[in-house]
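So this one's run_4.cif, mmCIF, C-alpha atoms:
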```
data_data
#
loop_
_atom_site.group_PDB
_atom_site.id
_atom_site.type_symbol
_atom_site.label_atom_id
_atom_site.label_comp_id
_atom_site.auth_asym_id
_atom_site.auth_seq_id
_atom_site.Cartn_x
_atom_site.Cartn_y
_atom_site.Cartn_z
ATOM 1 C CA MET L 16 -31.394 -53.404 -85.370
ATOM 2 C CA LYS L 17 -28.855 -50.577 -85.070
ATOM 3 C CA ILE L 18 -28.935 -48.398 -81.951
ATOM 4 C CA SER L 19 -27.603 -44.879 -81.384
ATOM 5 C CA ALA L 20 -26.930 -44.009 -77.754
ATOM 6 C CA THR L 21 -27.452 -40.354 -76.850
ATOM 7 C CA ILE L 22 -26.247 -38.401 -73.818
ATOM 8 C CA ILE L 23 -26.645 -34.698 -73.081
ATOM 9 C CA THR L 24 -23.900 -33.154 -70.965
ATOM 10 C CA ALA L 25 -22.763 -30.068 -69.076
ATOM 11 C CA ASN L 26 -19.627 -30.480 -66.958
ATOM 12 C CA GLU L 27 -19.884 -34.263 -66.631
ATOM 13 C CA GLU L 28 -16.252 -35.378 -66.943
ATOM 14 C CA ARG L 29 -16.532 -37.324 -63.677
ATOM 15 C CA ASN L 30 -19.626 -39.363 -64.636
ATOM 16 C CA LEU L 31 -19.246 -39.655 -68.405
ATOM 17 C CA PRO L 32 -16.642 -42.479 -68.610
ATOM 18 C CA ARG L 33 -18.885 -44.824 -66.597
ATOM 19 C CA ALA L 34 -21.874 -44.020 -68.825
ATOM 20 C CA ILE L 35 -20.058 -44.419 -72.139
ATOM 21 C CA GLU L 36 -18.223 -47.594 -71.137
ATOM 22 C CA SER L 37 -21.571 -49.263 -70.353
ATOM 23 C CA LEU L 38 -22.863 -48.705 -73.898
ATOM 24 C CA ARG L 39 -21.010 -51.507 -75.694
ATOM 25 C CA CYS L 40 -24.313 -52.790 -77.107
ATOM 26 C CA CYS L 41 -24.812 -49.582 -79.104
ATOM 27 C CA ASP L 42 -23.568 -48.898 -82.635
ATOM 28 C CA GLU L 43 -22.671 -45.279 -82.000
ATOM 29 C CA ILE L 44 -22.667 -42.792 -79.129
ATOM 30 C CA VAL L 45 -23.754 -39.184 -79.617
ATOM 31 C CA VAL L 46 -22.939 -36.621 -76.937
ATOM 32 C CA VAL L 47 -24.582 -33.193 -77.110
ATOM 33 C CA ASP L 48 -22.683 -30.796 -74.877
ATOM 34 C CA SER L 49 -23.953 -27.401 -73.758
ATOM 35 C CA GLY L 50 -20.860 -25.382 -72.946
ATOM 36 C CA SER L 51 -18.923 -27.553 -70.504
ATOM 37 C CA THR L 52 -15.991 -25.769 -68.883
ATOM 38 C CA ASP L 53 -14.330 -28.992 -67.682
ATOM 39 C CA ARG L 54 -12.915 -31.828 -69.831
ATOM 40 C CA THR L 55 -16.281 -33.349 -70.778
ATOM 41 C CA VAL L 56 -15.847 -32.831 -74.524
ATOM 42 C CA GLN L 57 -12.311 -34.227 -74.560
ATOM 43 C CA VAL L 58 -13.328 -37.244 -72.445
ATOM 44 C CA ALA L 59 -16.287 -38.011 -74.725
ATOM 45 C CA ALA L 60 -14.158 -37.799 -77.865
ATOM 46 C CA ARG L 61 -11.387 -39.935 -76.336
ATOM 47 C CA LEU L 62 -13.926 -42.660 -75.505
ATOM 48 C CA GLY L 63 -15.202 -42.776 -79.086
ATOM 49 C CA ALA L 64 -18.355 -40.635 -78.878
ATOM 50 C CA ARG L 65 -19.349 -38.200 -81.594
ATOM 51 C CA VAL L 66 -19.589 -34.807 -79.900
ATOM 52 C CA ILE L 67 -21.982 -32.051 -80.937
ATOM 53 C CA GLU L 68 -21.783 -28.706 -79.159
ATOM 54 C CA SER L 69 -25.020 -26.756 -78.805
ATOM 55 C CA SER L 70 -26.272 -24.018 -76.494
ATOM 56 C CA TRP L 71 -28.757 -25.108 -73.838
ATOM 57 C CA ARG L 72 -32.377 -25.175 -75.004
ATOM 58 C CA GLY L 73 -34.066 -27.221 -72.271
ATOM 59 C CA TYR L 74 -33.970 -30.906 -71.344
ATOM 60 C CA ALA L 75 -36.533 -32.214 -73.845
ATOM 61 C CA ALA L 76 -35.296 -30.058 -76.726
ATOM 62 C CA GLN L 77 -31.675 -30.980 -76.039
ATOM 63 C CA LYS L 78 -32.502 -34.689 -76.033
ATOM 64 C CA ASN L 79 -34.536 -34.351 -79.241
ATOM 65 C CA LEU L 80 -31.564 -32.620 -80.868
ATOM 66 C CA ALA L 81 -29.350 -35.548 -79.870
ATOM 67 C CA ALA L 82 -31.841 -38.005 -81.396
ATOM 68 C CA GLU L 83 -32.068 -35.955 -84.604
ATOM 69 C CA GLN L 84 -28.281 -36.012 -84.990
ATOM 70 C CA ALA L 85 -28.081 -39.805 -84.590
ATOM 71 C CA ARG L 86 -27.311 -42.064 -87.550
ATOM 72 C CA TYR L 87 -29.855 -44.718 -86.606
ATOM 73 C CA ASP L 88 -33.589 -44.561 -85.871
ATOM 74 C CA TRP L 89 -33.431 -46.584 -82.661
ATOM 75 C CA ILE L 90 -32.313 -44.341 -79.795
ATOM 76 C CA LEU L 91 -31.064 -45.368 -76.364
ATOM 77 C CA SER L 92 -31.102 -42.198 -74.272
ATOM 78 C CA ILE L 93 -29.326 -42.133 -70.924
ATOM 79 C CA ASP L 94 -28.135 -39.339 -68.667
ATOM 80 C CA ALA L 95 -24.464 -38.823 -67.867
ATOM 81 C CA ASP L 96 -25.006 -40.035 -64.279
ATOM 82 C CA GLU L 97 -26.564 -43.306 -65.471
ATOM 83 C CA ALA L 98 -25.133 -46.555 -66.796
ATOM 84 C CA LEU L 99 -26.454 -49.831 -68.149
ATOM 85 C CA SER L 100 -26.171 -52.766 -65.771
ATOM 86 C CA GLU L 101 -24.513 -55.849 -67.249
ATOM 87 C CA ALA L 102 -27.904 -57.563 -67.252
ATOM 88 C CA LEU L 103 -29.534 -54.689 -69.173
ATOM 89 C CA GLU L 104 -26.685 -54.665 -71.667
ATOM 90 C CA ALA L 105 -27.195 -58.403 -72.251
ATOM 91 C CA GLU L 106 -30.945 -57.891 -72.624
ATOM 92 C CA ILE L 107 -30.398 -55.233 -75.289
ATOM 93 C CA TRP L 108 -27.913 -57.471 -77.136
ATOM 94 C CA GLN L 109 -30.621 -60.150 -77.226
ATOM 95 C CA LEU L 110 -33.207 -57.638 -78.437
ATOM 96 C CA LYS L 111 -30.898 -56.655 -81.283
ATOM 97 C CA LYS L 112 -30.634 -60.315 -82.321
ATOM 98 C CA THR L 113 -34.366 -61.039 -82.240
ATOM 99 C CA GLY L 114 -35.550 -57.645 -83.436
ATOM 100 C CA PRO L 115 -37.959 -55.266 -81.662
ATOM 101 C CA ALA L 116 -41.560 -56.281 -81.090
ATOM 102 C CA TYR L 117 -42.512 -52.785 -79.878
ATOM 103 C CA ASP L 118 -41.826 -49.181 -80.848
ATOM 104 C CA ALA L 119 -40.414 -48.144 -77.462
ATOM 105 C CA TYR L 120 -39.239 -49.837 -74.281
ATOM 106 C CA THR L 121 -39.251 -48.820 -70.648
ATOM 107 C CA VAL L 122 -36.459 -49.757 -68.258
ATOM 108 C CA PRO L 123 -36.516 -49.851 -64.440
ATOM 109 C CA ARG L 124 -34.090 -47.386 -62.831
ATOM 110 C CA LEU L 125 -32.197 -48.415 -59.715
ATOM 111 C CA ALA L 126 -30.768 -45.374 -57.922
ATOM 112 C CA GLN L 127 -27.728 -45.169 -55.692
ATOM 113 C CA TYR L 128 -28.033 -42.416 -53.072
ATOM 114 C CA LEU L 129 -25.307 -41.587 -50.531
ATOM 115 C CA GLY L 130 -23.676 -44.876 -51.476
ATOM 116 C CA ARG L 131 -26.782 -47.058 -50.925
ATOM 117 C CA TRP L 132 -29.021 -48.685 -53.530
ATOM 118 C CA ILE L 133 -32.566 -47.450 -52.894
ATOM 119 C CA LEU L 134 -35.297 -50.072 -53.265
ATOM 120 C CA HIS L 135 -38.227 -48.134 -51.764
ATOM 121 C CA SER L 136 -39.112 -44.473 -51.051
ATOM 122 C CA GLY L 137 -40.957 -44.266 -54.377
ATOM 123 C CA TRP L 138 -37.624 -44.480 -56.195
ATOM 124 C CA TYR L 139 -37.849 -48.008 -57.556
ATOM 125 C CA PRO L 140 -38.632 -49.336 -60.118
ATOM 126 C CA ASP L 141 -39.187 -45.796 -61.527
ATOM 127 C CA ARG L 142 -39.772 -47.089 -65.069
ATOM 128 C CA LYS L 143 -38.904 -44.712 -67.917
ATOM 129 C CA VAL L 144 -38.980 -45.029 -71.706
ATOM 130 C CA ARG L 145 -35.328 -44.851 -72.736
ATOM 131 C CA LEU L 146 -35.105 -47.082 -75.812
ATOM 132 C CA TYR L 147 -37.326 -45.927 -78.666
ATOM 133 C CA ASP L 148 -37.807 -45.583 -82.409
ATOM 134 C CA ARG L 149 -37.456 -41.862 -83.121
ATOM 135 C CA ARG L 150 -39.873 -42.156 -86.039
ATOM 136 C CA LYS L 151 -42.677 -42.818 -83.537
ATOM 137 C CA ALA L 152 -41.526 -41.031 -80.388
ATOM 138 C CA ARG L 153 -39.955 -37.838 -79.106
ATOM 139 C CA TRP L 154 -39.160 -36.062 -75.859
ATOM 140 C CA VAL L 155 -41.764 -33.657 -74.464
ATOM 141 C CA GLY L 156 -41.834 -31.392 -71.416
ATOM 142 C CA ASP L 157 -41.183 -27.803 -70.523
ATOM 143 C CA LEU L 158 -38.598 -26.912 -67.889
ATOM 144 C CA VAL L 159 -38.484 -30.122 -65.837
ATOM 145 C CA HIS L 160 -39.937 -33.655 -65.852
ATOM 146 C CA GLU L 161 -39.190 -34.368 -69.501
ATOM 147 C CA ARG L 162 -40.419 -37.711 -70.836
ATOM 148 C CA VAL L 163 -40.631 -39.719 -74.038
ATOM 149 C CA GLU L 164 -44.048 -39.644 -75.689
ATOM 150 C CA THR L 165 -44.723 -42.293 -78.314
ATOM 151 C CA SER L 166 -47.500 -43.005 -80.783
ATOM 152 C CA GLY L 167 -46.483 -46.660 -80.965
ATOM 153 C CA ARG L 168 -46.628 -49.692 -78.708
ATOM 154 C CA ILE L 169 -44.541 -49.807 -75.537
ATOM 155 C CA GLY L 170 -42.721 -52.885 -74.257
ATOM 156 C CA HIS L 171 -40.819 -53.365 -71.014
ATOM 157 C CA LEU L 172 -37.250 -54.485 -70.447
ATOM 158 C CA GLN L 173 -36.620 -56.199 -67.125
ATOM 159 C CA SER L 174 -33.035 -55.320 -66.181
ATOM 160 C CA ASN L 175 -31.928 -52.188 -64.346
ATOM 161 C CA LEU L 176 -30.589 -48.922 -65.630
ATOM 162 C CA LEU L 177 -28.280 -47.758 -62.848
ATOM 163 C CA HIS L 178 -28.695 -44.166 -61.686
ATOM 164 C CA PHE L 179 -25.848 -42.709 -59.649
ATOM 165 C CA THR L 180 -27.467 -39.792 -57.848
ATOM 166 C CA CYS L 181 -26.031 -37.629 -55.074
ATOM 167 C CA SER L 182 -22.964 -38.945 -53.274
ATOM 168 C CA SER L 183 -23.188 -36.272 -50.549
ATOM 169 C CA LEU L 184 -25.823 -34.130 -48.868
ATOM 170 C CA SER L 185 -24.096 -30.995 -50.150
ATOM 171 C CA GLU L 186 -24.509 -32.259 -53.707
ATOM 172 C CA HIS L 187 -28.188 -32.986 -53.075
ATOM 173 C CA LEU L 188 -28.818 -29.533 -51.626
ATOM 174 C CA LYS L 189 -27.168 -27.903 -54.622
ATOM 175 C CA SER L 190 -29.332 -29.815 -57.101
ATOM 176 C CA LEU L 191 -32.398 -29.190 -54.929
ATOM 177 C CA ASP L 192 -31.982 -25.452 -55.351
ATOM 178 C CA ARG L 193 -31.641 -25.717 -59.131
ATOM 179 C CA TYR L 194 -34.578 -28.067 -59.706
ATOM 180 C CA THR L 195 -36.990 -26.289 -57.336
ATOM 181 C CA THR L 196 -36.338 -23.067 -59.244
ATOM 182 C CA LEU L 197 -37.202 -24.787 -62.537
ATOM 183 C CA ALA L 198 -40.283 -26.424 -60.996
ATOM 184 C CA ALA L 199 -41.430 -23.070 -59.605
ATOM 185 C CA GLN L 200 -40.998 -21.417 -63.007
ATOM 186 C CA GLU L 201 -43.135 -24.153 -64.516
ATOM 187 C CA LEU L 202 -45.868 -23.579 -61.903
ATOM 188 C CA VAL L 203 -45.862 -19.854 -62.611
ATOM 189 C CA ALA L 204 -46.024 -20.470 -66.368
ATOM 190 C CA ARG L 205 -49.102 -22.658 -65.797
ATOM 191 C CA GLY L 206 -50.742 -19.955 -63.675
ATOM 192 C CA GLN L 207 -50.697 -22.074 -60.493
ATOM 193 C CA LYS L 208 -51.978 -20.173 -57.443
ATOM 194 C CA VAL L 209 -50.033 -21.050 -54.303
ATOM 195 C CA GLY L 210 -51.894 -21.023 -50.979
ATOM 196 C CA TRP L 211 -50.999 -21.935 -47.427
ATOM 197 C CA ARG L 212 -52.069 -25.544 -47.918
ATOM 198 C CA HIS L 213 -49.325 -25.892 -50.523
ATOM 199 C CA LEU L 214 -46.746 -24.507 -48.091
ATOM 200 C CA ILE L 215 -47.869 -26.405 -44.978
ATOM 201 C CA LEU L 216 -49.876 -29.508 -45.885
ATOM 202 C CA ALA L 217 -48.161 -30.528 -49.126
ATOM 203 C CA PRO L 218 -44.642 -30.890 -47.622
ATOM 204 C CA ALA L 219 -46.007 -32.848 -44.643
ATOM 205 C CA TRP L 220 -47.954 -35.176 -46.931
ATOM 206 C CA THR L 221 -44.875 -35.650 -49.144
ATOM 207 C CA PHE L 222 -42.821 -36.785 -46.147
ATOM 208 C CA LEU L 223 -45.565 -39.132 -44.904
ATOM 209 C CA ARG L 224 -46.120 -40.665 -48.342
ATOM 210 C CA THR L 225 -42.404 -41.182 -49.015
ATOM 211 C CA TYR L 226 -41.351 -42.472 -45.609
ATOM 212 C CA VAL L 227 -44.423 -44.469 -44.596
ATOM 213 C CA PHE L 228 -46.635 -45.393 -47.556
ATOM 214 C CA GLN L 229 -43.725 -45.854 -49.990
ATOM 215 C CA ARG L 230 -41.777 -47.646 -47.238
ATOM 216 C CA GLY L 231 -38.829 -45.294 -47.146
ATOM 217 C CA PHE L 232 -38.153 -46.500 -43.604
ATOM 218 C CA LEU L 233 -36.828 -49.726 -45.148
ATOM 219 C CA ASP L 234 -34.053 -47.717 -46.808
ATOM 220 C CA GLY L 235 -32.533 -46.815 -43.444
ATOM 221 C CA PHE L 236 -30.942 -43.436 -42.796
ATOM 222 C CA GLU L 237 -30.857 -42.769 -46.533
ATOM 223 C CA GLY L 238 -34.624 -43.355 -46.738
ATOM 224 C CA LEU L 239 -35.223 -40.878 -43.926
ATOM 225 C CA THR L 240 -33.047 -38.333 -45.722
ATOM 226 C CA ILE L 241 -34.865 -38.892 -49.020
ATOM 227 C CA ALA L 242 -38.252 -38.317 -47.350
ATOM 228 C CA HIS L 243 -37.018 -35.161 -45.644
ATOM 229 C CA MET L 244 -35.473 -33.808 -48.845
ATOM 230 C CA ALA L 245 -38.654 -34.596 -50.773
ATOM 231 C CA ALA L 246 -40.625 -32.506 -48.281
ATOM 232 C CA VAL L 247 -38.099 -29.667 -48.571
ATOM 233 C CA TYR L 248 -38.339 -29.884 -52.368
ATOM 234 C CA THR L 249 -42.120 -29.578 -52.201
ATOM 235 C CA TYR L 250 -41.961 -26.581 -49.869
ATOM 236 C CA LEU L 251 -39.283 -24.741 -51.869
ATOM 237 C CA LYS L 252 -41.065 -25.358 -55.162
ATOM 238 C CA PHE L 253 -44.258 -23.716 -53.919
ATOM 239 C CA ALA L 254 -42.480 -21.007 -51.893
ATOM 240 C CA LYS L 255 -40.405 -19.961 -54.891
ATOM 241 C CA ALA L 256 -43.478 -19.971 -57.147
ATOM 242 C CA ARG L 257 -45.318 -17.743 -54.649
ATOM 243 C CA ASN L 258 -42.331 -15.400 -54.536
ATOM 244 C CA MET L 259 -42.131 -15.248 -58.359
ATOM 245 C CA SER L 260 -45.827 -14.459 -58.820
#
```
File written out as structure tokens:
Amino acid sequence: MKISATIITANEERNLPRAIESLRCCDEIVVVDSGSTDRTVQVAARLGARVIESSWRGYAAQKNLAAEQARYDWILSIDADEALSEALEAEIWQLKKTGPAYDAYTVPRLAQYLGRWILHSGWYPDRKVRLYDRRKARWVGDLVHERVETSGRIGHLQSNLLHFTCSSLSEHLKSLDRYTTLAAQELVARGQKVGWRHLILAPAWTFLRTYVFQRGFLDGFEGLTIAHMAAVYTYLKFAKARNMS
């Protein structure tokens, strides 16, 4: 079982070394870069990755391009701000020895937010298909919320993929603006009508669900911040969609 790791990048010189150095269980690393203006390309090449430069075409399309350029059919796709835990790396080594019993595998993602590992707030285990046979699976999705869709059987790995999210509130606010714009564009493309219930009730429900029902209060100050930001995300997504319509 040979595995190609794939990463899509845009100005990720800070995160990329951690991601690449965690991929020792893979037989090659393919980085598809979309016009980085920092040292991302040089860092990737120095760390042994094969770099392909391509203009941005959307998350799913960019990740499919990376998979198409890989030498091997088994793809391990991670983002630049992610890294395999030592336990997940060991689990994949074992899978390579025994051979795959499924056509795709999910992994649980453990996120670090403002320096704290988040175990609640709807953030964990956040299982995603990240290891898959490209002959039976591909990325789908429009502007945001891309995912792997497979026609084969799905298995589940048990060890964590580490996700290093925002290290500061300023960083979170910046990403919030970008992703709510994409989410709003997707709503408009689907013909979603935005009413007052979306602007008033939906954000309040998002906060309540995240902080209370998904036990965000157990994540301390960071859990409170996550719940608040989730409500702001919901409001901005609908407000921007209303403004675009």
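Coordinates place atom CA of Ser70 of chain L at a distance of 25.1 Å from atom CA of Leu38 of chain L.
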Could you tell me which residues the PyMOL selection byres ((chain L and resi 182) around 6) grabs in this file, written as an MDAnalysis selection string? chainID L and resid 129 181 183
Taking (-31.8, -21.1, -54.5) in the file's coordinates as the center, which residues reach within 12 Å of it, counting only C-alpha atoms, put as a ChimeraX atom specification? /L:188-199,248,251-252,254-255,258
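Applied to the file shown here, the PyMOL selection byres ((chain L and resi 73) around 9) selects Trp71, Arg72, Tyr74, Ala75, Ala76, Gln77, Lys78, Gly156, Asp157, Leu158 and Val159 of chain L.
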Can you write just those residues out, C-alpha atoms, as an mmCIF file, keeping the file's coordinate frame?
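This is the output file again.cif:
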```cif
data_model
loop_
_atom_site.group_PDB
_atom_site.id
_atom_site.type_symbol
_atom_site.label_atom_id
_atom_site.label_comp_id
_atom_site.auth_asym_id
_atom_site.auth_seq_id
_atom_site.Cartn_x
_atom_site.Cartn_y
_atom_site.Cartn_z
ATOM 1 C CA TRP L 71 -28.757 -25.108 -73.838
ATOM 2 C CA ARG L 72 -32.377 -25.175 -75.004
ATOM 3 C CA TYR L 74 -33.970 -30.906 -71.344
ATOM 4 C CA ALA L 75 -36.533 -32.214 -73.845
ATOM 5 C CA ALA L 76 -35.296 -30.058 -76.726
ATOM 6 C CA GLN L 77 -31.675 -30.980 -76.039
ATOM 7 C CA LYS L 78 -32.502 -34.689 -76.033
ATOM 8 C CA GLY L 156 -41.834 -31.392 -71.416
ATOM 9 C CA ASP L 157 -41.183 -27.803 -70.523
ATOM 10 C CA LEU L 158 -38.598 -26.912 -67.889
ATOM 11 C CA VAL L 159 -38.484 -30.122 -65.837
#
```
Option closest in space to Val203 of chain L, from L:Ser260, L:Arg149, L:Phe222, L:Thr165 [counting all atoms listed in the file]: L:Ser260
Evaluate the PyMOL selection byres ((chain L and resi 18) around 12) here and jot the selected residues down as a PyMOL selection string. chain L and resi 16-17+19-21+38-45+82+85-92+107-108+110-111+114-115+145-149
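For the residues L:Ile169, L:Glu83, L:Glu101, L:Trp211, ranking by smallest atom-to-atom distance to Arg150 of chain L using all atoms listed in the file places L:Glu83 first.
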